[in-house]
Each structure stands twice: as C-alpha cells, then as structure tokens.
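Enquirer: query26.cif is reproduced in full below (mmCIF, C-alpha atoms).
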```
data_work
#
loop_
_atom_site.group_PDB
_atom_site.id
_atom_site.type_symbol
_atom_site.label_atom_id
_atom_site.label_comp_id
_atom_site.auth_asym_id
_atom_site.auth_seq_id
_atom_site.Cartn_x
_atom_site.Cartn_y
_atom_site.Cartn_z
ATOM 1 C CA MET A 1 95.561 50.379 110.312
ATOM 2 C CA THR A 2 96.120 53.313 112.662
ATOM 3 C CA ALA A 3 97.548 56.483 111.166
ATOM 4 C CA ARG A 4 100.815 57.502 112.777
ATOM 5 C CA ARG A 5 101.058 61.031 114.091
ATOM 6 C CA VAL A 6 103.389 63.231 112.079
ATOM 7 C CA PRO A 7 104.536 66.623 113.393
ATOM 8 C CA PRO A 8 103.524 69.590 111.181
ATOM 9 C CA ALA A 9 107.176 70.387 110.389
ATOM 10 C CA GLN A 10 107.591 66.871 108.996
ATOM 11 C CA LEU A 11 104.219 66.776 107.213
ATOM 12 C CA ALA A 12 104.700 70.144 105.471
ATOM 13 C CA PRO A 13 107.462 69.078 103.047
ATOM 14 C CA GLN A 14 105.779 65.723 102.373
ATOM 15 C CA LEU A 15 102.494 67.393 101.547
ATOM 16 C CA ARG A 16 104.095 70.172 99.495
ATOM 17 C CA ASP A 17 106.068 67.622 97.489
ATOM 18 C CA ALA A 18 102.997 65.470 96.839
ATOM 19 C CA ILE A 19 100.919 68.483 95.751
ATOM 20 C CA THR A 20 103.713 69.753 93.511
ATOM 21 C CA ARG A 21 104.215 66.379 91.838
ATOM 22 C CA LEU A 22 100.494 65.789 91.317
ATOM 23 C CA ASN A 23 100.049 69.311 89.954
ATOM 24 C CA ARG A 24 102.933 68.788 87.542
ATOM 25 C CA ARG A 25 101.452 65.481 86.373
ATOM 26 C CA VAL A 26 97.953 66.925 85.941
ATOM 27 C CA ARG A 27 99.382 69.846 83.947
ATOM 28 C CA GLN A 28 101.035 67.358 81.589
ATOM 29 C CA ALA A 29 97.641 65.861 80.754
ATOM 30 C CA ARG A 30 96.484 68.057 77.927
ATOM 31 C CA PRO A 31 94.898 67.831 74.518
ATOM 32 C CA VAL A 32 97.020 67.984 71.434
ATOM 33 C CA GLY A 33 98.202 71.537 71.001
ATOM 34 C CA ASP A 34 101.268 73.674 71.098
ATOM 35 C CA LEU A 35 100.422 76.075 73.920
ATOM 36 C CA THR A 36 103.204 76.299 76.469
ATOM 37 C CA VAL A 37 102.537 76.099 80.192
ATOM 38 C CA THR A 38 103.326 79.826 80.424
ATOM 39 C CA GLN A 39 100.878 80.724 77.660
ATOM 40 C CA LEU A 40 98.221 78.534 79.236
ATOM 41 C CA SER A 41 98.784 80.185 82.615
ATOM 42 C CA ALA A 42 98.459 83.684 81.136
ATOM 43 C CA LEU A 43 95.285 82.684 79.309
ATOM 44 C CA THR A 44 93.875 81.225 82.525
ATOM 45 C CA SER A 45 94.639 84.446 84.378
ATOM 46 C CA LEU A 46 92.798 86.473 81.741
ATOM 47 C CA VAL A 47 89.772 84.187 81.883
ATOM 48 C CA LEU A 48 89.676 84.369 85.676
ATOM 49 C CA ALA A 49 90.262 88.139 85.866
ATOM 50 C CA GLY A 50 88.079 89.037 82.900
ATOM 51 C CA ALA A 51 90.464 91.668 81.555
ATOM 52 C CA LEU A 52 93.862 93.054 82.510
ATOM 53 C CA THR A 53 96.440 95.475 81.199
ATOM 54 C CA PRO A 54 99.652 93.824 79.991
ATOM 55 C CA ARG A 55 101.413 95.151 83.119
ATOM 56 C CA GLU A 56 98.743 93.704 85.421
ATOM 57 C CA LEU A 57 98.974 90.369 83.642
ATOM 58 C CA ALA A 58 102.772 90.373 83.992
ATOM 59 C CA ASP A 59 102.385 91.089 87.707
ATOM 60 C CA VAL A 60 99.822 88.311 88.181
ATOM 61 C CA GLU A 61 102.035 85.857 86.317
ATOM 62 C CA ARG A 62 105.171 87.119 88.081
ATOM 63 C CA VAL A 63 107.123 87.739 84.902
ATOM 64 C CA GLN A 64 108.782 90.834 83.470
ATOM 65 C CA PRO A 65 106.691 92.967 81.072
ATOM 66 C CA PRO A 66 108.916 92.182 78.031
ATOM 67 C CA THR A 67 108.381 88.454 78.659
ATOM 68 C CA MET A 68 104.619 88.974 78.916
ATOM 69 C CA THR A 69 104.681 90.945 75.650
ATOM 70 C CA LYS A 70 106.060 87.849 73.896
ATOM 71 C CA ILE A 71 103.542 85.537 75.570
ATOM 72 C CA VAL A 72 100.608 87.799 74.652
ATOM 73 C CA ALA A 73 101.861 88.106 71.056
ATOM 74 C CA LYS A 74 101.754 84.310 70.675
ATOM 75 C CA LEU A 75 98.270 84.132 72.192
ATOM 76 C CA GLU A 76 97.044 86.943 69.930
ATOM 77 C CA GLU A 77 98.592 85.221 66.913
ATOM 78 C CA ARG A 78 96.406 82.201 67.666
ATOM 79 C CA GLY A 79 93.308 84.343 68.219
ATOM 80 C CA LEU A 80 93.093 83.404 71.903
ATOM 81 C CA VAL A 81 93.526 86.926 73.307
ATOM 82 C CA GLY A 82 92.187 90.246 72.110
ATOM 83 C CA ARG A 83 93.083 93.888 72.807
ATOM 84 C CA THR A 84 90.798 96.828 73.380
ATOM 85 C CA PRO A 85 91.742 100.455 74.106
ATOM 86 C CA HIS A 86 92.020 101.370 77.782
ATOM 87 C CA PRO A 87 88.956 103.469 78.718
ATOM 88 C CA THR A 88 90.920 106.208 80.503
ATOM 89 C CA ASP A 89 94.554 105.886 79.411
ATOM 90 C CA GLY A 90 95.175 106.130 75.672
ATOM 91 C CA ARG A 91 98.691 104.711 76.097
ATOM 92 C CA GLN A 92 97.386 101.416 77.459
ATOM 93 C CA VAL A 93 95.341 98.486 76.210
ATOM 94 C CA ILE A 94 93.136 95.957 77.944
ATOM 95 C CA LEU A 95 93.700 92.284 77.259
ATOM 96 C CA SER A 96 90.971 89.675 77.461
ATOM 97 C CA ALA A 97 90.475 86.085 76.420
ATOM 98 C CA THR A 98 88.478 85.563 73.236
ATOM 99 C CA GLU A 99 85.763 82.943 72.870
ATOM 100 C CA GLY A 100 88.390 80.819 71.137
ATOM 101 C CA GLY A 101 90.689 81.289 74.123
ATOM 102 C CA ARG A 102 87.972 80.204 76.515
ATOM 103 C CA ALA A 103 87.237 77.157 74.356
ATOM 104 C CA VAL A 104 90.908 76.140 74.325
ATOM 105 C CA LEU A 105 91.089 76.559 78.084
ATOM 106 C CA ASP A 106 87.957 74.405 78.468
ATOM 107 C CA GLN A 107 89.620 71.663 76.375
ATOM 108 C CA PHE A 108 92.694 71.742 78.613
ATOM 109 C CA GLU A 109 90.557 71.632 81.762
ATOM 110 C CA ARG A 110 88.526 68.706 80.410
ATOM 111 C CA ALA A 111 91.677 66.736 79.536
ATOM 112 C CA ARG A 112 93.152 67.349 82.976
ATOM 113 C CA ASN A 113 89.935 66.435 84.786
ATOM 114 C CA GLU A 114 89.536 63.273 82.714
ATOM 115 C CA TRP A 115 93.104 62.196 83.473
ATOM 116 C CA LEU A 116 92.682 62.757 87.208
ATOM 117 C CA ALA A 117 89.223 61.143 87.302
ATOM 118 C CA SER A 118 90.574 58.006 85.631
ATOM 119 C CA ARG A 119 93.417 57.807 88.207
ATOM 120 C CA LEU A 120 90.942 58.336 91.053
ATOM 121 C CA ALA A 121 88.686 55.591 89.656
ATOM 122 C CA GLU A 122 91.561 53.134 90.094
ATOM 123 C CA LEU A 123 91.719 53.799 93.842
ATOM 124 C CA PRO A 124 89.679 51.984 96.488
ATOM 125 C CA GLU A 125 86.579 53.827 97.694
ATOM 126 C CA THR A 126 88.141 54.446 101.121
ATOM 127 C CA ASP A 127 91.102 56.226 99.493
ATOM 128 C CA ARG A 128 88.744 58.383 97.431
ATOM 129 C CA GLU A 129 86.843 59.303 100.605
ATOM 130 C CA THR A 130 90.149 60.231 102.282
ATOM 131 C CA LEU A 131 91.089 62.377 99.278
ATOM 132 C CA GLN A 132 87.677 64.073 99.365
ATOM 133 C CA ARG A 133 88.289 65.077 102.968
ATOM 134 C CA ALA A 134 91.873 66.106 102.132
ATOM 135 C CA ALA A 135 90.580 68.293 99.273
ATOM 136 C CA GLU A 136 88.257 70.072 101.699
ATOM 137 C CA ILE A 137 91.119 70.649 104.152
ATOM 138 C CA LEU A 138 93.442 71.894 101.386
ATOM 139 C CA GLN A 139 90.739 74.351 100.259
ATOM 140 C CA GLN A 140 90.565 75.668 103.833
ATOM 141 C CA LEU A 141 94.359 76.062 103.924
ATOM 142 C CA ALA A 142 94.336 77.868 100.577
ATOM 143 C CA ARG A 143 91.711 80.343 101.829
ATOM 144 C CA ALA A 144 93.490 81.006 105.147
#
```
Here is the file; what I need is its structure written in the form of structure tokens.
Expert:
Amino acid sequence: MTARRVPPAQLAPQLRDAITRLNRRVRQARPVGDLTVTQLSALTSLVLAGALTPRELADVERVQPPTMTKIVAKLEERGLVGRTPHPTDGRQVILSATEGGRAVLDQFERARNEWLASRLAELPETDRETLQRAAEILQQLARA
C-alpha cells in the first residue's frame, strides 16, 4: 500500500492529537497509588533537575506558587520530597526528591513502559518498525 501525501498543515493536528491521546493513555497506566498527575509531574521535575527552589519548581510546572506549595506539602507528607536550606539565601529552601520519591517514580515509569510494550507487542513487526522510525523523527522535532 502506498502512503498518501499529506500536507504539513493537515498532518500537524492529526499527529498532535495522536500524541496527546497516547500520552494521556500511557499516563493512566500506573501502579496502585494515590499520587495525582500534578504531584507526579512535580516529582519528575525534581528528579530531572536534581534540586529546585519552590518558585523554580512552580515555574517549571507552570503553576502559581501557592498551588505548588500545596503540591509540595503532599509530596513531603509522603516522604517523597525533602527540603534543605538554600546555600546563599536564608529565606529560601531547596527541594529535592528523596530516595523514596525516586523509587515511586521508577514504579510509575515501569508500569507505563510495561503497558506500552504490551500494546506494541500486539502490533505487526512492520508497524513496530514504522513506530521506531517515527520515534526517531519525533525526537528530532522535540530537539529542534
């Protein structure tokens, strides 16, 4: 079967919709737990960044500081995030993921990867090869 040519303006919304829907579905695949998507996102940002002030974390997550205060409080309550004094500004603190936070994040990542791997295993080899190439192209787009 020959692929039909689709103009970029027509492909863009199709691709964006497919990525959004798949991302939403993958995010739903998670181990038993009561972390919200917002809490999980904040924890992920801390693991990736290493450590951030509450303001920096709010900026990264694109939420208002009072909202981030509530999110961080819940994560601290569960022992997933810790605070240390800011090295140069006594009014600030530095937030970082604890070992427990990293372990929880690893569980979520494993559950998501297992869900997606099982869906991919159901596809024909040619579709998996196409998706491999698409993943490479999407990585290039994301870096551009």
Enquirer: Quick one: which residues end up in the PyMOL selection byres ((chain A and resi 108) around 12) for this structure, as a PyMOL selection string?
Expert: chain A and resi 26-37+40-41+43-44+101-107+109-115
Enquirer: With C-alpha atoms retained, export the selected residues as a PDB file, in the frame of the given file.
Expert:
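Below is the file out-v4.pdb, written as the result:
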```pdb
ATOM      1  CA  VAL A  26      97.953  66.925  85.941  1.00  0.00           C
ATOM      2  CA  ARG A  27      99.382  69.846  83.947  1.00  0.00           C
ATOM      3  CA  GLN A  28     101.035  67.358  81.589  1.00  0.00           C
ATOM      4  CA  ALA A  29      97.641  65.861  80.754  1.00  0.00           C
ATOM      5  CA  ARG A  30      96.484  68.057  77.927  1.00  0.00           C
ATOM      6  CA  PRO A  31      94.898  67.831  74.518  1.00  0.00           C
ATOM      7  CA  VAL A  32      97.020  67.984  71.434  1.00  0.00           C
ATOM      8  CA  GLY A  33      98.202  71.537  71.001  1.00  0.00           C
ATOM      9  CA  ASP A  34     101.268  73.674  71.098  1.00  0.00           C
ATOM     10  CA  LEU A  35     100.422  76.075  73.920  1.00  0.00           C
ATOM     11  CA  THR A  36     103.204  76.299  76.469  1.00  0.00           C
ATOM     12  CA  VAL A  37     102.537  76.099  80.192  1.00  0.00           C
ATOM     13  CA  LEU A  40      98.221  78.534  79.236  1.00  0.00           C
ATOM     14  CA  SER A  41      98.784  80.185  82.615  1.00  0.00           C
ATOM     15  CA  LEU A  43      95.285  82.684  79.309  1.00  0.00           C
ATOM     16  CA  THR A  44      93.875  81.225  82.525  1.00  0.00           C
ATOM     17  CA  GLY A 101      90.689  81.289  74.123  1.00  0.00           C
ATOM     18  CA  ARG A 102      87.972  80.204  76.515  1.00  0.00           C
ATOM     19  CA  ALA A 103      87.237  77.157  74.356  1.00  0.00           C
ATOM     20  CA  VAL A 104      90.908  76.140  74.325  1.00  0.00           C
ATOM     21  CA  LEU A 105      91.089  76.559  78.084  1.00  0.00           C
ATOM     22  CA  ASP A 106      87.957  74.405  78.468  1.00  0.00           C
ATOM     23  CA  GLN A 107      89.620  71.663  76.375  1.00  0.00           C
ATOM     24  CA  GLU A 109      90.557  71.632  81.762  1.00  0.00           C
ATOM     25  CA  ARG A 110      88.526  68.706  80.410  1.00  0.00           C
ATOM     26  CA  ALA A 111      91.677  66.736  79.536  1.00  0.00           C
ATOM     27  CA  ARG A 112      93.152  67.349  82.976  1.00  0.00           C
ATOM     28  CA  ASN A 113      89.935  66.435  84.786  1.00  0.00           C
ATOM     29  CA  GLU A 114      89.536  63.273  82.714  1.00  0.00           C
ATOM     30  CA  TRP A 115      93.104  62.196  83.473  1.00  0.00           C
TER      31      TRP A 115
END
```
Enquirer: Taking only C-alpha atoms into account, name the residue in A:Ala42, A:Leu120, A:Ala134, A:Ala49 that is nearest to A:Thr67.
Expert: A:Ala42
Enquirer: Which residues match the PyMOL selection byres ((chain A and resi 84) around 6) in the file above, as a PyMOL selection string?
Expert: chain A and resi 83+85+93-94
Enquirer: Take the selection from the previous step and output its residues with C-alpha atoms, as a compact mmCIF listing (two decimals), keeping the file's coordinate frame.
Expert:
```txt
# COMPACT_ATOMS: atom_id res chain seq x y z
CA ARG A 83 93.08 93.89 72.81
CA PRO A 85 91.74 100.46 74.11
CA VAL A 93 95.34 98.49 76.21
CA ILE A 94 93.14 95.96 77.94
```
Enquirer: Which residue out of A:Ile71, A:Leu11, A:Val60, A:Ala51 has the minimum interatomic distance to A:His86 when only C-alpha atoms are used?
Expert: A:Ala51
Enquirer: Using Å and a single decimal, report how far atom CA of A:Thr20 sits from atom CA of A:Ala121.
Expert: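 Atom CA of A:Ala121 sits 21.0 Å away from atom CA of A:Thr20.
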Enquirer: What is the distance between atom CA of A:Leu52 and atom CA of A:Gln92, in Å to one decimal?
Expert: 10.4 Å
Enquirer: Could you tell me, as a VMD selection string, exactly which residues end up selected when the PyMOL selection byres ((chain A and resi 98) around 9) is applied to this structure?
Expert: chain A and resid 47 79 to 82 96 to 97 99 to 103
Enquirer: Find the distance between atom CA of A:Leu95 and atom CA of A:Ser45 and write it in Å to one decimal.
Expert: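 Taking atom CA of A:Leu95 and atom CA of A:Ser45, their separation equals 10.6 Å.
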Enquirer: Which residue, A:Ala117, A:Ala142, A:Gly90, A:Glu61, has the smallest gap to A:Thr38 when you use only C-alpha atoms?
Expert: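 Result for the nearest residue to A:Thr38: A:Glu61.
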Enquirer: For each of A:Ala12, A:Asp89, A:Gln39, A:Gly50, take the minimum atom-to-atom distance to A:Glu77, counting only C-alpha atoms, then give the residue where this is smallest.
Expert: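 Comparing A:Ala12, A:Asp89, A:Gln39, A:Gly50 against A:Glu77, the winner is A:Gln39.
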Enquirer: Once N, CA and C atoms are restored for stretch 97-125 of chain A, what would the output be as an mmCIF file, in the frame of the given file?
Expert:
```
data_model
loop_
_atom_site.group_PDB
_atom_site.id
_atom_site.type_symbol
_atom_site.label_atom_id
_atom_site.label_comp_id
_atom_site.auth_asym_id
_atom_site.auth_seq_id
_atom_site.Cartn_x
_atom_site.Cartn_y
_atom_site.Cartn_z
ATOM 1 N N ALA A 97 90.549 87.342 77.166
ATOM 2 C CA ALA A 97 90.475 86.085 76.420
ATOM 3 C C ALA A 97 89.325 86.165 75.427
ATOM 4 N N THR A 98 89.546 85.634 74.241
ATOM 5 C CA THR A 98 88.478 85.563 73.236
ATOM 6 C C THR A 98 87.642 84.307 73.500
ATOM 7 N N GLU A 99 86.560 84.169 72.768
ATOM 8 C CA GLU A 99 85.763 82.943 72.870
ATOM 9 C C GLU A 99 86.618 81.729 72.521
ATOM 10 N N GLY A 100 87.476 81.900 71.502
ATOM 11 C CA GLY A 100 88.390 80.819 71.137
ATOM 12 C C GLY A 100 89.344 80.482 72.264
ATOM 13 N N GLY A 101 89.807 81.504 72.973
ATOM 14 C CA GLY A 101 90.689 81.289 74.123
ATOM 15 C C GLY A 101 89.991 80.541 75.234
ATOM 16 N N ARG A 102 88.749 80.912 75.484
ATOM 17 C CA ARG A 102 87.972 80.204 76.515
ATOM 18 C C ARG A 102 87.731 78.753 76.112
ATOM 19 N N ALA A 103 87.474 78.525 74.836
ATOM 20 C CA ALA A 103 87.237 77.157 74.356
ATOM 21 C C ALA A 103 88.501 76.301 74.506
ATOM 22 N N VAL A 104 89.644 76.874 74.172
ATOM 23 C CA VAL A 104 90.908 76.140 74.325
ATOM 24 C C VAL A 104 91.142 75.813 75.793
ATOM 25 N N LEU A 105 90.906 76.785 76.656
ATOM 26 C CA LEU A 105 91.089 76.559 78.084
ATOM 27 C C LEU A 105 90.150 75.463 78.581
ATOM 28 N N ASP A 106 88.913 75.462 78.100
ATOM 29 C CA ASP A 106 87.957 74.405 78.468
ATOM 30 C C ASP A 106 88.466 73.031 78.037
ATOM 31 N N GLN A 107 89.064 72.940 76.842
ATOM 32 C CA GLN A 107 89.620 71.663 76.375
ATOM 33 C C GLN A 107 90.727 71.179 77.302
ATOM 34 N N PHE A 108 91.606 72.095 77.705
ATOM 35 C CA PHE A 108 92.694 71.742 78.613
ATOM 36 C C PHE A 108 92.138 71.275 79.953
ATOM 37 N N GLU A 109 91.155 72.000 80.475
ATOM 38 C CA GLU A 109 90.557 71.632 81.762
ATOM 39 C C GLU A 109 89.896 70.257 81.681
ATOM 40 N N ARG A 110 89.182 70.002 80.595
ATOM 41 C CA ARG A 110 88.526 68.706 80.410
ATOM 42 C C ARG A 110 89.546 67.578 80.384
ATOM 43 N N ALA A 111 90.644 67.773 79.638
ATOM 44 C CA ALA A 111 91.677 66.736 79.536
ATOM 45 C C ALA A 111 92.300 66.462 80.900
ATOM 46 N N ARG A 112 92.556 67.514 81.643
ATOM 47 C CA ARG A 112 93.152 67.349 82.976
ATOM 48 C C ARG A 112 92.192 66.647 83.924
ATOM 49 N N ASN A 113 90.930 67.066 83.917
ATOM 50 C CA ASN A 113 89.935 66.435 84.786
ATOM 51 C C ASN A 113 89.725 64.975 84.433
ATOM 52 N N GLU A 114 89.702 64.670 83.134
ATOM 53 C CA GLU A 114 89.536 63.273 82.714
ATOM 54 C C GLU A 114 90.714 62.420 83.159
ATOM 55 N N TRP A 115 91.929 62.952 83.038
ATOM 56 C CA TRP A 115 93.104 62.196 83.473
ATOM 57 C C TRP A 115 93.021 61.903 84.967
ATOM 58 N N LEU A 116 92.731 62.937 85.764
ATOM 59 C CA LEU A 116 92.682 62.757 87.208
ATOM 60 C C LEU A 116 91.520 61.842 87.608
ATOM 61 N N ALA A 117 90.373 61.998 86.989
ATOM 62 C CA ALA A 117 89.223 61.143 87.302
ATOM 63 C C ALA A 117 89.540 59.670 87.020
ATOM 64 N N SER A 118 90.242 59.411 85.937
ATOM 65 C CA SER A 118 90.574 58.006 85.631
ATOM 66 C C SER A 118 91.560 57.448 86.656
ATOM 67 N N ARG A 119 92.494 58.276 87.156
ATOM 68 C CA ARG A 119 93.417 57.807 88.207
ATOM 69 C C ARG A 119 92.647 57.570 89.504
ATOM 70 N N LEU A 120 91.728 58.487 89.828
ATOM 71 C CA LEU A 120 90.942 58.336 91.053
ATOM 72 C C LEU A 120 90.061 57.088 90.997
ATOM 73 N N ALA A 121 89.543 56.767 89.815
ATOM 74 C CA ALA A 121 88.686 55.591 89.656
ATOM 75 C C ALA A 121 89.440 54.297 89.954
ATOM 76 N N GLU A 122 90.745 54.322 89.823
ATOM 77 C CA GLU A 122 91.561 53.134 90.094
ATOM 78 C C GLU A 122 91.782 52.898 91.587
ATOM 79 N N LEU A 123 91.492 53.903 92.403
ATOM 80 C CA LEU A 123 91.719 53.799 93.842
ATOM 81 C C LEU A 123 90.544 53.139 94.547
ATOM 82 N N PRO A 124 90.793 52.510 95.687
ATOM 83 C CA PRO A 124 89.679 51.984 96.488
ATOM 84 C C PRO A 124 88.797 53.131 96.992
ATOM 85 N N GLU A 125 87.545 52.828 97.232
ATOM 86 C CA GLU A 125 86.579 53.827 97.694
ATOM 87 C C GLU A 125 87.076 54.540 98.951
#
```
